[in-house]
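Colleague: The following file, upload-v9.cif, comprises mmCIF, C-alpha atoms:
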data_protein
loop_
_atom_site.group_PDB
_atom_site.id
_atom_site.type_symbol
_atom_site.label_atom_id
_atom_site.label_comp_id
_atom_site.auth_asym_id
_atom_site.auth_seq_id
_atom_site.Cartn_x
_atom_site.Cartn_y
_atom_site.Cartn_z
ATOM 1 C CA MET A 341 65.721 44.198 -51.154
ATOM 2 C CA MET A 342 64.381 44.183 -47.633
ATOM 3 C CA GLN A 343 67.016 43.767 -44.957
ATOM 4 C CA LEU A 344 66.253 41.749 -41.813
ATOM 5 C CA ALA A 345 67.113 43.414 -38.540
ATOM 6 C CA PRO A 346 69.697 41.526 -36.456
ATOM 7 C CA ALA A 347 68.153 39.274 -33.850
ATOM 8 C CA THR A 348 67.975 40.785 -30.364
ATOM 9 C CA VAL A 349 68.023 38.739 -27.156
ATOM 10 C CA ASP A 350 64.246 39.143 -26.990
ATOM 11 C CA ASP A 351 63.856 37.483 -30.401
ATOM 12 C CA MET A 352 65.938 34.478 -29.420
ATOM 13 C CA THR A 353 64.599 31.100 -28.499
ATOM 14 C CA GLU A 354 65.165 30.165 -24.856
ATOM 15 C CA GLY A 355 67.769 27.606 -25.960
ATOM 16 C CA LYS A 356 69.779 30.313 -27.772
ATOM 17 C CA LYS A 357 69.589 32.539 -24.693
ATOM 18 C CA LEU A 358 71.111 29.747 -22.610
ATOM 19 C CA GLU A 359 73.840 29.167 -25.187
ATOM 20 C CA LYS A 360 74.676 32.885 -25.123
ATOM 21 C CA LEU A 361 74.747 32.946 -21.308
ATOM 22 C CA ILE A 362 77.111 29.945 -21.200
ATOM 23 C CA GLU A 363 79.428 31.757 -23.625
ATOM 24 C CA GLU A 364 79.232 35.048 -21.725
ATOM 25 C CA LYS A 365 80.084 33.366 -18.433
ATOM 26 C CA LYS A 366 83.014 31.625 -20.137
ATOM 27 C CA LEU A 367 81.713 28.193 -19.228
ATOM 28 C CA ASN A 368 81.607 25.158 -21.440
ATOM 29 C CA LYS A 369 78.695 22.830 -21.930
ATOM 30 C CA ALA A 370 80.411 19.960 -20.082
ATOM 31 C CA THR A 371 80.807 22.121 -16.951
ATOM 32 C CA PHE A 372 77.195 23.200 -17.186
ATOM 33 C CA ALA A 373 76.080 19.577 -17.696
ATOM 34 C CA ARG A 374 77.958 18.531 -14.541
ATOM 35 C CA ALA A 375 76.371 21.365 -12.554
ATOM 36 C CA CYS A 376 72.922 20.316 -13.781
ATOM 37 C CA GLY A 377 73.650 16.652 -13.114
ATOM 38 C CA VAL A 378 72.735 15.684 -16.681
ATOM 39 C CA THR A 379 74.529 14.349 -19.775
ATOM 40 C CA PRO A 380 75.934 16.671 -22.473
ATOM 41 C CA SER A 381 73.199 15.459 -24.836
ATOM 42 C CA ALA A 382 70.589 16.761 -22.376
ATOM 43 C CA ILE A 383 72.311 20.150 -22.611
ATOM 44 C CA ARG A 384 71.978 19.970 -26.406
ATOM 45 C CA ASN A 385 68.246 19.422 -25.942
ATOM 46 C CA MET A 386 68.131 22.473 -23.666
ATOM 47 C CA THR A 387 69.980 24.722 -26.092
ATOM 48 C CA SER A 388 67.933 23.593 -29.096
ATOM 49 C CA ALA A 389 64.547 24.077 -27.361
ATOM 50 C CA VAL A 390 62.352 27.021 -28.334
ATOM 51 C CA GLU A 391 60.815 27.018 -24.849
ATOM 52 C CA TRP A 392 61.689 24.841 -21.858
ATOM 53 C CA LYS A 393 59.191 22.566 -20.214
ATOM 54 C CA PRO A 394 58.965 23.174 -16.439
ATOM 55 C CA ALA A 395 61.066 20.097 -15.533
ATOM 56 C CA MET A 396 63.838 21.205 -17.906
ATOM 57 C CA TRP A 397 63.687 24.756 -16.533
ATOM 58 C CA ALA A 398 63.968 23.374 -12.971
ATOM 59 C CA THR A 399 67.147 21.480 -13.980
ATOM 60 C CA ILE A 400 68.608 24.601 -15.625
ATOM 61 C CA GLN A 401 67.788 26.713 -12.561
ATOM 62 C CA ALA A 402 69.507 24.215 -10.259
ATOM 63 C CA GLY A 403 72.599 24.102 -12.516
ATOM 64 C CA LEU A 404 72.874 27.883 -12.770
ATOM 65 C CA GLU A 405 72.495 28.306 -9.002
ATOM 66 C CA LYS A 406 75.262 25.748 -8.417
ATOM 67 C CA LEU A 407 77.527 27.838 -10.642
ATOM 68 C CA GLY A 408 76.605 31.029 -8.795
ATOM 69 C CA ILE A 409 74.582 32.441 -11.708
ATOM 70 C CA ASP A 410 71.204 34.032 -11.068
ATOM 71 C CA PRO A 411 68.531 32.127 -13.116
ATOM 72 C CA GLN A 412 66.648 35.452 -13.389
ATOM 73 C CA GLU A 413 69.165 36.367 -16.118
ATOM 74 C CA LEU A 414 67.313 33.882 -18.326
ATOM 75 C CA ARG A 415 63.750 34.008 -17.048
ATOM 76 C CA ALA A 416 62.820 36.820 -14.674
ATOM 77 C CA SER A 417 60.018 35.362 -12.614
ATOM 78 C CA THR A 418 58.280 35.304 -9.249
ATOM 79 C CA THR A 419 57.093 32.088 -7.691
ATOM 80 C CA MET A 420 54.394 31.611 -5.069
ATOM 81 C CA ARG A 421 53.831 28.241 -3.436
ATOM 82 C CA ARG A 422 50.940 26.450 -1.814
ATOM 83 C CA ASP A 423 52.847 24.571 0.848
ATOM 84 C CA ARG A 424 51.781 21.436 2.633
ATOM 85 C CA ALA A 425 51.437 21.735 6.375
ATOM 86 C CA PRO A 426 54.605 20.336 7.956
ATOM 87 C CA GLU A 427 54.142 16.839 9.342
ATOM 88 C CA ASP A 428 53.728 16.774 13.119
ATOM 89 C CA LEU A 429 56.521 14.492 14.344
ATOM 90 C CA ARG A 430 55.970 15.189 18.030
ATOM 91 C CA PRO A 431 54.077 11.906 18.692
ATOM 92 C CA LEU A 432 57.278 10.043 17.704
ATOM 93 C CA VAL A 433 59.044 11.488 20.764
ATOM 94 C CA GLU A 434 56.677 9.483 22.964
ATOM 95 C CA LYS A 435 58.256 6.296 21.630
ATOM 96 C CA PHE A 436 61.527 7.130 23.424
ATOM 97 C CA PRO A 437 62.011 6.302 27.141
ATOM 98 C CA ALA A 438 62.655 9.250 29.456
ATOM 99 C CA SER A 439 66.343 8.338 29.701
ATOM 100 C CA ALA A 440 66.699 8.728 25.888
ATOM 101 C CA LEU A 441 65.283 12.251 25.692
ATOM 102 C CA GLU A 442 68.523 14.068 26.514
ATOM 103 C CA PRO A 443 70.556 12.051 23.919
ATOM 104 C CA LEU A 444 67.710 12.628 21.433
ATOM 105 C CA ARG A 445 67.955 16.386 21.924
ATOM 106 C CA LYS A 446 71.727 16.156 21.401
ATOM 107 C CA LEU A 447 71.168 14.327 18.092
ATOM 108 C CA LEU A 448 68.650 16.926 16.889
ATOM 109 C CA THR A 449 70.882 19.882 17.676
ATOM 110 C CA ALA A 450 74.099 18.353 16.287
ATOM 111 C CA GLY A 451 75.739 19.800 13.157
ATOM 112 C CA ASP A 452 74.994 18.568 9.611
ATOM 113 C CA LEU A 453 78.050 16.340 9.426
ATOM 114 C CA GLU A 454 77.378 14.641 12.761
ATOM 115 C CA ARG A 455 73.746 14.074 11.844
ATOM 116 C CA MET A 456 74.728 12.607 8.472
ATOM 117 C CA ARG A 457 77.080 10.160 10.231
ATOM 118 C CA VAL A 458 74.330 9.179 12.644
ATOM 119 C CA ALA A 459 71.880 8.722 9.750
ATOM 120 C CA ASP A 460 74.353 6.401 7.979
ATOM 121 C CA TYR A 461 74.906 4.458 11.196
ATOM 122 C CA LEU A 462 71.144 4.195 11.725
ATOM 123 C CA ASP A 463 70.637 2.978 8.143
ATOM 124 C CA GLY A 464 73.232 0.292 8.802
ATOM 125 C CA LEU A 465 71.517 -0.783 12.034
ATOM 126 C CA LEU A 466 68.168 -0.997 10.266
ATOM 127 C CA LYS A 467 69.690 -3.147 7.512
ATOM 128 C CA GLY A 468 71.504 -5.280 10.097
ATOM 129 C CA THR A 469 74.971 -4.180 8.889
ATOM 130 C CA PRO A 470 76.110 -1.343 11.172
ATOM 131 C CA SER A 471 78.783 0.917 9.652
ATOM 132 C CA LYS A 472 81.651 2.369 11.694
ATOM 133 C CA MET B 1211 44.339 43.154 8.536
ATOM 134 C CA SER B 1212 42.282 41.083 6.143
ATOM 135 C CA PHE B 1213 41.519 40.796 2.454
ATOM 136 C CA ASP B 1214 38.525 42.278 0.696
ATOM 137 C CA ALA B 1215 35.958 39.462 0.465
ATOM 138 C CA PHE B 1216 33.684 41.631 -1.727
ATOM 139 C CA GLU B 1217 36.466 41.933 -4.304
ATOM 140 C CA VAL B 1218 36.837 38.135 -4.328
ATOM 141 C CA HIS B 1219 33.081 37.618 -4.715
ATOM 142 C CA ALA B 1220 32.830 40.204 -7.495
ATOM 143 C CA GLU B 1221 35.554 38.365 -9.402
ATOM 144 C CA LEU B 1222 33.912 34.979 -8.803
ATOM 145 C CA HIS B 1223 30.509 36.215 -9.946
ATOM 146 C CA ALA B 1224 32.067 37.611 -13.121
ATOM 147 C CA ILE B 1225 33.840 34.299 -13.810
ATOM 148 C CA PHE B 1226 30.752 32.188 -13.135
ATOM 149 C CA LYS B 1227 28.639 34.456 -15.335
ATOM 150 C CA LYS B 1228 31.072 34.417 -18.251
ATOM 151 C CA LEU B 1229 31.375 30.622 -18.076
ATOM 152 C CA ASP B 1230 27.683 30.109 -17.358
ATOM 153 C CA TYR B 1231 28.587 27.954 -14.348
ATOM 154 C CA ARG B 1232 25.374 26.940 -12.591
ATOM 155 C CA GLN B 1233 25.748 23.320 -11.554
ATOM 156 C CA PRO B 1234 28.747 21.581 -9.973
ATOM 157 C CA PRO B 1235 31.404 20.434 -10.515
ATOM 158 C CA PHE B 1236 33.034 23.686 -11.691
ATOM 159 C CA SER B 1237 35.939 22.984 -13.997
ATOM 160 C CA THR B 1238 39.187 24.832 -13.276
ATOM 161 C CA SER B 1239 40.771 23.755 -16.572
ATOM 162 C CA HIS B 1240 37.841 25.128 -18.601
ATOM 163 C CA ALA B 1241 38.017 28.429 -16.664
ATOM 164 C CA ILE B 1242 41.733 28.790 -17.362
ATOM 165 C CA GLU B 1243 41.528 27.817 -21.047
ATOM 166 C CA THR B 1244 38.636 30.207 -21.630
ATOM 167 C CA LEU B 1245 39.449 33.193 -19.444
ATOM 168 C CA PHE B 1246 43.160 33.031 -18.700
ATOM 169 C CA PRO B 1247 44.920 31.684 -21.801
ATOM 170 C CA GLN B 1248 48.215 33.241 -20.627
ATOM 171 C CA LEU B 1249 48.349 30.532 -17.937
ATOM 172 C CA ASP B 1250 49.778 27.073 -18.494
ATOM 173 C CA VAL B 1251 48.901 24.251 -16.106
ATOM 174 C CA ILE B 1252 50.993 21.133 -15.704
ATOM 175 C CA GLY B 1253 51.249 18.238 -13.271
ATOM 176 C CA ALA B 1254 54.661 17.259 -11.917
ATOM 177 C CA SER B 1255 56.216 15.542 -8.956
ATOM 178 C CA ILE B 1256 56.812 18.456 -6.580
ATOM 179 C CA ASP B 1257 57.117 18.760 -2.817
ATOM 180 C CA GLU B 1258 54.364 21.346 -2.341
ATOM 181 C CA PHE B 1259 50.678 21.162 -3.271
ATOM 182 C CA ALA B 1260 51.160 23.653 -6.121
ATOM 183 C CA ARG B 1261 53.014 26.755 -7.224
ATOM 184 C CA ILE B 1262 52.683 29.530 -9.746
ATOM 185 C CA GLU B 1263 55.716 30.948 -11.540
ATOM 186 C CA VAL B 1264 54.974 34.282 -13.182
ATOM 187 C CA PHE B 1265 57.405 35.533 -15.819
ATOM 188 C CA ALA B 1266 58.297 39.172 -16.270
ATOM 189 C CA GLU B 1267 58.203 38.709 -20.067
ATOM 190 C CA PRO B 1268 56.056 36.282 -22.084
ATOM 191 C CA LEU B 1269 57.627 32.925 -22.956
ATOM 192 C CA PRO B 1270 58.015 32.126 -26.680
ATOM 193 C CA SER B 1271 54.608 30.357 -26.535
ATOM 194 C CA GLY B 1272 53.041 33.592 -25.280
ATOM 195 C CA LYS B 1273 52.387 32.130 -21.808
ATOM 196 C CA ARG B 1274 53.020 34.472 -18.910
ATOM 197 C CA ALA B 1275 52.790 32.015 -16.037
ATOM 198 C CA ILE B 1276 52.928 28.327 -15.252
ATOM 199 C CA ILE B 1277 50.879 26.662 -12.551
ATOM 200 C CA THR B 1278 52.443 23.395 -11.435
ATOM 201 C CA TYR B 1279 50.449 21.038 -9.244
ATOM 202 C CA ASP B 1280 51.577 17.893 -7.464
ATOM 203 C CA ASP B 1281 50.436 15.024 -9.673
ATOM 204 C CA LYS B 1282 50.731 12.591 -6.756
ATOM 205 C CA SER B 1283 47.707 14.240 -5.106
ATOM 206 C CA ALA B 1284 44.103 13.231 -5.815
ATOM 207 C CA ALA B 1285 42.107 15.094 -8.490
ATOM 208 C CA PRO B 1286 39.934 17.067 -6.010
ATOM 209 C CA THR B 1287 43.119 18.354 -4.368
ATOM 210 C CA HIS B 1288 44.517 19.403 -7.784
ATOM 211 C CA ARG B 1289 41.374 21.364 -8.486
ATOM 212 C CA PHE B 1290 41.555 23.280 -5.231
ATOM 213 C CA SER B 1291 45.290 23.911 -5.703
ATOM 214 C CA ILE B 1292 44.827 25.166 -9.266
ATOM 215 C CA ALA B 1293 41.994 27.481 -8.193
ATOM 216 C CA HIS B 1294 44.235 28.744 -5.372
ATOM 217 C CA GLU B 1295 47.040 29.587 -7.834
ATOM 218 C CA MET B 1296 44.489 31.148 -10.212
ATOM 219 C CA ALA B 1297 43.632 33.544 -7.371
ATOM 220 C CA HIS B 1298 47.282 34.595 -7.107
ATOM 221 C CA TRP B 1299 47.255 35.321 -10.849
ATOM 222 C CA ILE B 1300 44.074 37.400 -10.592
ATOM 223 C CA PHE B 1301 44.690 39.318 -7.357
ATOM 224 C CA ASP B 1302 48.425 39.330 -6.684
ATOM 225 C CA PHE B 1303 49.681 39.646 -10.249
ATOM 226 C CA ARG B 1304 46.603 41.444 -11.653
ATOM 227 C CA CYS B 1305 46.509 38.978 -14.567
ATOM 228 C CA GLY B 1306 50.077 39.838 -15.536
ATOM 229 C CA ALA B 1307 49.903 43.612 -15.106
ATOM 230 C CA GLU B 1308 52.015 43.220 -11.948
ATOM 231 C CA LYS B 1309 55.268 41.491 -12.771
ATOM 232 C CA ALA B 1310 56.149 40.663 -9.189
ATOM 233 C CA HIS B 1311 53.981 39.779 -6.245
ATOM 234 C CA VAL B 1312 53.709 42.574 -3.722
ATOM 235 C CA GLU B 1313 53.411 41.272 -0.160
ATOM 236 C CA CYS B 1314 50.128 42.542 1.257
ATOM 237 C CA GLY B 1315 50.586 41.798 4.933
ATOM 238 C CA ARG B 1316 50.232 38.898 7.294
ATOM 239 C CA SER B 1317 47.535 37.922 9.741
ATOM 240 C CA GLY B 1318 48.352 34.990 12.001
ATOM 241 C CA GLY B 1319 50.364 32.238 10.332
ATOM 242 C CA LYS B 1320 49.373 32.848 6.707
ATOM 243 C CA SER B 1321 49.934 35.916 4.551
ATOM 244 C CA ILE B 1322 46.852 37.828 3.421
ATOM 245 C CA ALA B 1323 47.555 36.724 -0.171
ATOM 246 C CA GLU B 1324 47.497 33.045 0.870
ATOM 247 C CA GLN B 1325 44.299 33.481 2.914
ATOM 248 C CA ARG B 1326 42.616 35.225 -0.005
ATOM 249 C CA ALA B 1327 43.750 32.488 -2.414
ATOM 250 C CA ASP B 1328 42.343 29.781 -0.089
ATOM 251 C CA TYR B 1329 39.064 31.687 0.223
ATOM 252 C CA PHE B 1330 38.795 32.118 -3.550
ATOM 253 C CA ALA B 1331 39.569 28.424 -4.162
ATOM 254 C CA ALA B 1332 36.963 27.283 -1.631
ATOM 255 C CA GLU B 1333 34.332 29.604 -3.127
ATOM 256 C CA PHE B 1334 35.251 28.588 -6.681
ATOM 257 C CA CYS B 1335 35.084 24.836 -6.053
ATOM 258 C CA ALA B 1336 32.047 24.900 -3.750
ATOM 259 C CA PRO B 1337 30.356 28.335 -3.677
ATOM 260 C CA LEU B 1338 28.098 28.717 -0.649
ATOM 261 C CA TRP B 1339 25.214 30.199 -2.630
ATOM 262 C CA ILE B 1340 25.123 27.077 -4.818
ATOM 263 C CA LEU B 1341 25.974 24.626 -2.036
ATOM 264 C CA ASP B 1342 23.014 26.045 -0.113
ATOM 265 C CA GLN B 1343 20.656 24.858 -2.862
ATOM 266 C CA HIS B 1344 22.036 21.302 -2.717
ATOM 267 C CA VAL B 1345 22.202 20.762 1.025
ATOM 268 C CA LYS B 1346 18.821 19.548 2.230
ATOM 269 C CA PHE B 1347 20.137 17.526 5.188
ATOM 270 C CA LYS B 1348 20.764 18.871 8.676
ATOM 271 C CA LEU B 1349 24.285 20.156 9.177
ATOM 272 C CA HIS B 1350 24.729 19.059 12.767
ATOM 273 C CA ALA B 1351 24.688 15.507 14.050
ATOM 274 C CA ASP B 1352 24.242 14.298 17.595
ATOM 275 C CA GLU B 1353 27.735 13.069 18.494
ATOM 276 C CA SER B 1354 26.365 10.412 20.836
ATOM 277 C CA ASP B 1355 24.188 8.973 18.042
ATOM 278 C CA VAL B 1356 26.262 6.663 15.839
ATOM 279 C CA ASP B 1357 23.596 6.479 13.116
ATOM 280 C CA ASP B 1358 23.218 10.257 13.038
ATOM 281 C CA MET B 1359 26.974 10.702 12.704
ATOM 282 C CA ALA B 1360 27.197 8.044 9.977
ATOM 283 C CA ALA B 1361 24.341 9.714 8.054
ATOM 284 C CA LEU B 1362 26.084 13.111 8.188
ATOM 285 C CA LYS B 1363 29.337 11.558 6.969
ATOM 286 C CA ASN B 1364 27.498 9.884 4.065
ATOM 287 C CA HIS B 1365 25.804 13.136 3.073
ATOM 288 C CA THR B 1366 29.122 14.984 3.287
ATOM 289 C CA GLN B 1367 30.859 12.362 1.149
ATOM 290 C CA ARG B 1368 28.066 12.537 -1.467
ATOM 291 C CA MET B 1369 28.325 16.331 -1.555
ATOM 292 C CA ALA B 1370 32.128 16.127 -1.881
ATOM 293 C CA SER B 1371 31.711 13.825 -4.894
ATOM 294 C CA ARG B 1372 29.097 16.081 -6.474
ATOM 295 C CA PHE B 1373 31.316 19.158 -6.197
ATOM 296 C CA ASN B 1374 34.486 17.117 -6.859
ATOM 297 C CA VAL B 1375 36.299 18.391 -3.789
ATOM 298 C CA SER B 1376 38.044 16.465 -1.017
ATOM 299 C CA LEU B 1377 36.055 15.252 1.984
ATOM 300 C CA ARG B 1378 38.049 17.614 4.227
ATOM 301 C CA CYS B 1379 37.222 20.562 1.968
ATOM 302 C CA MET B 1380 33.511 19.700 1.992
ATOM 303 C CA GLN B 1381 33.508 19.361 5.802
ATOM 304 C CA MET B 1382 34.920 22.896 6.028
ATOM 305 C CA ARG B 1383 32.435 24.213 3.462
ATOM 306 C CA LEU B 1384 29.494 22.724 5.337
ATOM 307 C CA ARG B 1385 30.747 24.375 8.513
ATOM 308 C CA ASP B 1386 30.945 27.684 6.592
ATOM 309 C CA LEU B 1387 27.460 27.070 5.198
ATOM 310 C CA SER B 1388 26.118 26.572 8.704
ATOM 311 C CA HIS B 1389 27.557 29.976 9.757
ATOM 312 C CA TRP B 1390 26.303 31.583 6.565
ATOM 313 C CA ARG B 1391 22.745 30.328 7.136
ATOM 314 C CA MET B 1392 22.828 31.594 10.729
ATOM 315 C CA MET B 1393 24.023 35.018 9.543
ATOM 316 C CA ARG B 1394 21.275 35.147 6.929
ATOM 317 C CA ARG B 1395 18.743 34.491 9.659
ATOM 318 C CA GLY B 1396 20.341 37.346 11.598
ATOM 319 C CA ARG B 1397 21.701 35.195 14.459
#
What does this structure look like when you write it as structure tokens?
Modeller:
Amino acid sequence: MMQLAPATVDDMTEGKKLEKLIEEKKLNKATFARACGVTPSAIRNMTSAVEWKPAMWATIQAGLEKLGIDPQELRASTTMRRDRAPEDLRPLVEKFPASALEPLRKLLTAGDLERMRVADYLDGLLKGTPSK
Amino acid sequence: MSFDAFEVHAELHAIFKKLDYRQPPFSTSHAIETLFPQLDVIGASIDEFARIEVFAEPLPSGKRAIITYDDKSAAPTHRFSIAHEMAHWIFDFRCGAEKAHVECGRSGGKSIAEQRADYFAAEFCAPLWILDQHVKFKLHADESDVDDMAALKNHTQRMASRFNVSLRCMQMRLRDLSHWRMMRRGR
């Protein structure tokens, strides 16, 4: 009787490869689901898929990166992008009076946290309910 | 440093011959399905115009690369973007023989690979030697003549529709055609 060779990683579906990686990294599916920002049932769909659609692969990549795992362990790939030209925001500066330019520079060069607080405050002003 | 335009034209001529492309518009999807079946093309909501992800090993479906284009853009923009990514597959990944893109230098703001991909896409969507046969109007308008300017814009728009490219792309191609005609006349 002919004996089947044991399945190698190359023979596995992409879903099985993910399942194996989760096991190897001693994670559980709930942790991985949280990292991906999806429900555990979405993880079941990922692990049962033969091949991931690009949107699913993007979610998996983001989850793995959050957990400090290199997505190349699952799909070794190289990506090249056709970027849009960045929007030229310089004309917006002309809307500020000369006296506001120095404070504007201070806002632009502030740290992430300070800028986030300013953005929240600005959102509040625009909605008419300024936050503290 | 620049790319080899002859190499790009040789590839384009081979593609056009195999697909018997003579009259516009020139379908990118037909070219990929027929000549590059290892490529998958999908539309998605992404922040860039397009991207190509090339895998070191084939996916279970046998595909070696996925081109993703921004489905929020207009169809003529998709076509240019897909042709641009097709160029990366042909020249930078040698149709899958190269597993990773090898940087081939930079000239000005864009890498040589990006410039070559733009050149290929422009020549695929609106090849000058075919555009030349369709353009019977004069390529320069008198800027002080409103009617002349309006007529040129109408002609350009009609040509853009015929080749199914964006108006901006056709404006650039007509500028290139003007240079090309001057060079042919030895000026």
Colleague: Could you work out how far CA of Phe1216 in chain B lies from CA of Ser417 in chain A, giving the answer in Å with one decimal?
Modeller: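 Atom-to-atom, CA of Ser417 in chain A and CA of Phe1216 in chain B are spaced 29.2 Å apart.
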Colleague: Pick out the chain B residues within 8 Å of chain A. Count all atoms listed in the file. Give them as a list in words.
Modeller: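 Interface list for chain B against chain A: Ala1254, Glu1258, Phe1259, Ala1260, Arg1261, Ile1262, Glu1263, Val1264, Phe1265, Ala1266, Glu1267, Leu1269, Pro1270, Ser1271, Ser1291, His1294, Glu1295, His1298, Lys1309, Ala1310, His1311 and Glu1324 of chain B.
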Colleague: Give as a list in words the residues that the PyMOL selection byres ((chain B and resi 1235) around 7) matches when applied to the coordinates above.
Modeller: Gln1233, Pro1234, Phe1236, Ser1237, Arg1372, Phe1373 and Asn1374 of chain B
Colleague: Neighbouring residues of Phe1330 in chain B were defined as those with any atom within 9 Å, considering all atoms listed in the file; residues of the same chain fewer than 4 positions away were excluded. Please report them as a PDB file with C-alpha atoms, in the frame of the given file.
Modeller:
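Output below, filename selection23.pdb:
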ATOM      1  CA  ALA B1215      35.958  39.462   0.465  1.00  0.00           C
ATOM      2  CA  VAL B1218      36.837  38.135  -4.328  1.00  0.00           C
ATOM      3  CA  HIS B1219      33.081  37.618  -4.715  1.00  0.00           C
ATOM      4  CA  LEU B1222      33.912  34.979  -8.803  1.00  0.00           C
ATOM      5  CA  ALA B1293      41.994  27.481  -8.193  1.00  0.00           C
ATOM      6  CA  HIS B1294      44.235  28.744  -5.372  1.00  0.00           C
ATOM      7  CA  MET B1296      44.489  31.148 -10.212  1.00  0.00           C
ATOM      8  CA  ALA B1297      43.632  33.544  -7.371  1.00  0.00           C
ATOM      9  CA  GLN B1325      44.299  33.481   2.914  1.00  0.00           C
ATOM     10  CA  ARG B1326      42.616  35.225  -0.005  1.00  0.00           C
ATOM     11  CA  PHE B1334      35.251  28.588  -6.681  1.00  0.00           C
ATOM     12  CA  CYS B1335      35.084  24.836  -6.053  1.00  0.00           C
TER      13      CYS B1335
END
Colleague: When the PyMOL selection byres ((chain B and resi 1288) around 10) is applied to the file above, which residues end up in the set, as a ChimeraX atom specification?
Modeller: /B:1238,1253,1259-1260,1278-1287,1289-1294,1375-1376
Colleague: What does the PyMOL selection byres ((chain B and resi 1384-1391) around 10) select in this file, as a ChimeraX atom specification?
Modeller: /B:1336-1339,1341-1342,1345,1348-1350,1366,1369,1379-1383,1392-1397
Colleague: Take the residues just selected and output them with C-alpha atoms as an mmCIF file, keeping the file's coordinate frame.
Modeller:
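Okay, out-v1.cif is ready:
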data_model
loop_
_atom_site.group_PDB
_atom_site.id
_atom_site.type_symbol
_atom_site.label_atom_id
_atom_site.label_comp_id
_atom_site.auth_asym_id
_atom_site.auth_seq_id
_atom_site.Cartn_x
_atom_site.Cartn_y
_atom_site.Cartn_z
ATOM 1 C CA ALA B 1336 32.047 24.900 -3.750
ATOM 2 C CA PRO B 1337 30.356 28.335 -3.677
ATOM 3 C CA LEU B 1338 28.098 28.717 -0.649
ATOM 4 C CA TRP B 1339 25.214 30.199 -2.630
ATOM 5 C CA LEU B 1341 25.974 24.626 -2.036
ATOM 6 C CA ASP B 1342 23.014 26.045 -0.113
ATOM 7 C CA VAL B 1345 22.202 20.762 1.025
ATOM 8 C CA LYS B 1348 20.764 18.871 8.676
ATOM 9 C CA LEU B 1349 24.285 20.156 9.177
ATOM 10 C CA HIS B 1350 24.729 19.059 12.767
ATOM 11 C CA THR B 1366 29.122 14.984 3.287
ATOM 12 C CA MET B 1369 28.325 16.331 -1.555
ATOM 13 C CA CYS B 1379 37.222 20.562 1.968
ATOM 14 C CA MET B 1380 33.511 19.700 1.992
ATOM 15 C CA GLN B 1381 33.508 19.361 5.802
ATOM 16 C CA MET B 1382 34.920 22.896 6.028
ATOM 17 C CA ARG B 1383 32.435 24.213 3.462
ATOM 18 C CA MET B 1392 22.828 31.594 10.729
ATOM 19 C CA MET B 1393 24.023 35.018 9.543
ATOM 20 C CA ARG B 1394 21.275 35.147 6.929
ATOM 21 C CA ARG B 1395 18.743 34.491 9.659
ATOM 22 C CA GLY B 1396 20.341 37.346 11.598
ATOM 23 C CA ARG B 1397 21.701 35.195 14.459
#
Colleague: Report, in Å with one decimal, the straight-line distance from CA of Ile1300 in chain B to CA of Ile1256 in chain B.
Modeller: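 Going from CA of Ile1300 in chain B over to CA of Ile1256 in chain B, I get 23.2 Å.
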Colleague: Figure out the distance between CA of Pro431 in chain A and CA of Met456 in chain A, please, to one decimal in Å.
Modeller: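 CA of Met456 in chain A sits 23.1 Å away from CA of Pro431 in chain A.
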Colleague: Would you pick out the contacts of Lys1273 in chain B at 7 Å or less, using all atoms listed in the file, so that residues sharing its chain but fewer than 6 positions from it are not included, and give the list as number ranges by chain?
Modeller: B: 1248-1250
Colleague: Once you have the residues from the selection above, write them out as a PDB file, keeping the file's coordinate frame, restricted to C-alpha atoms.
Modeller:
ATOM      1  CA  GLN B1248      48.215  33.241 -20.627  1.00  0.00           C
ATOM      2  CA  LEU B1249      48.349  30.532 -17.937  1.00  0.00           C
ATOM      3  CA  ASP B1250      49.778  27.073 -18.494  1.00  0.00           C
TER       4      ASP B1250
END
Colleague: Return as AutoDock Vina command-line options the box centre and box size in Å, one decimal, for an axis-aligned box around all listed atoms of range 439-446 of chain A padded by 8 Å per side.
Modeller:
--center_x 68.5 --center_y 12.4 --center_z 25.6 --size_x 22.4 --size_y 24.0 --size_z 24.3
Colleague: Pick out the residues sitting within 7 Å of Ala370 in chain A, and hand them over as a PyMOL selection string; count only C-alpha atoms, and ignore anything fewer than 3 positions along from it in its own chain.
Modeller: chain A and resi 373-374+380
Colleague: Counting only C-alpha atoms, figure out which residue out of B:Ser1255, B:Leu1229, B:Pro1268, B:Met1359 gets nearest to Glu1243 in chain B.
Modeller: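 Comparing B:Ser1255, B:Leu1229, B:Pro1268, B:Met1359 against Glu1243 in chain B, the winner is B:Leu1229.
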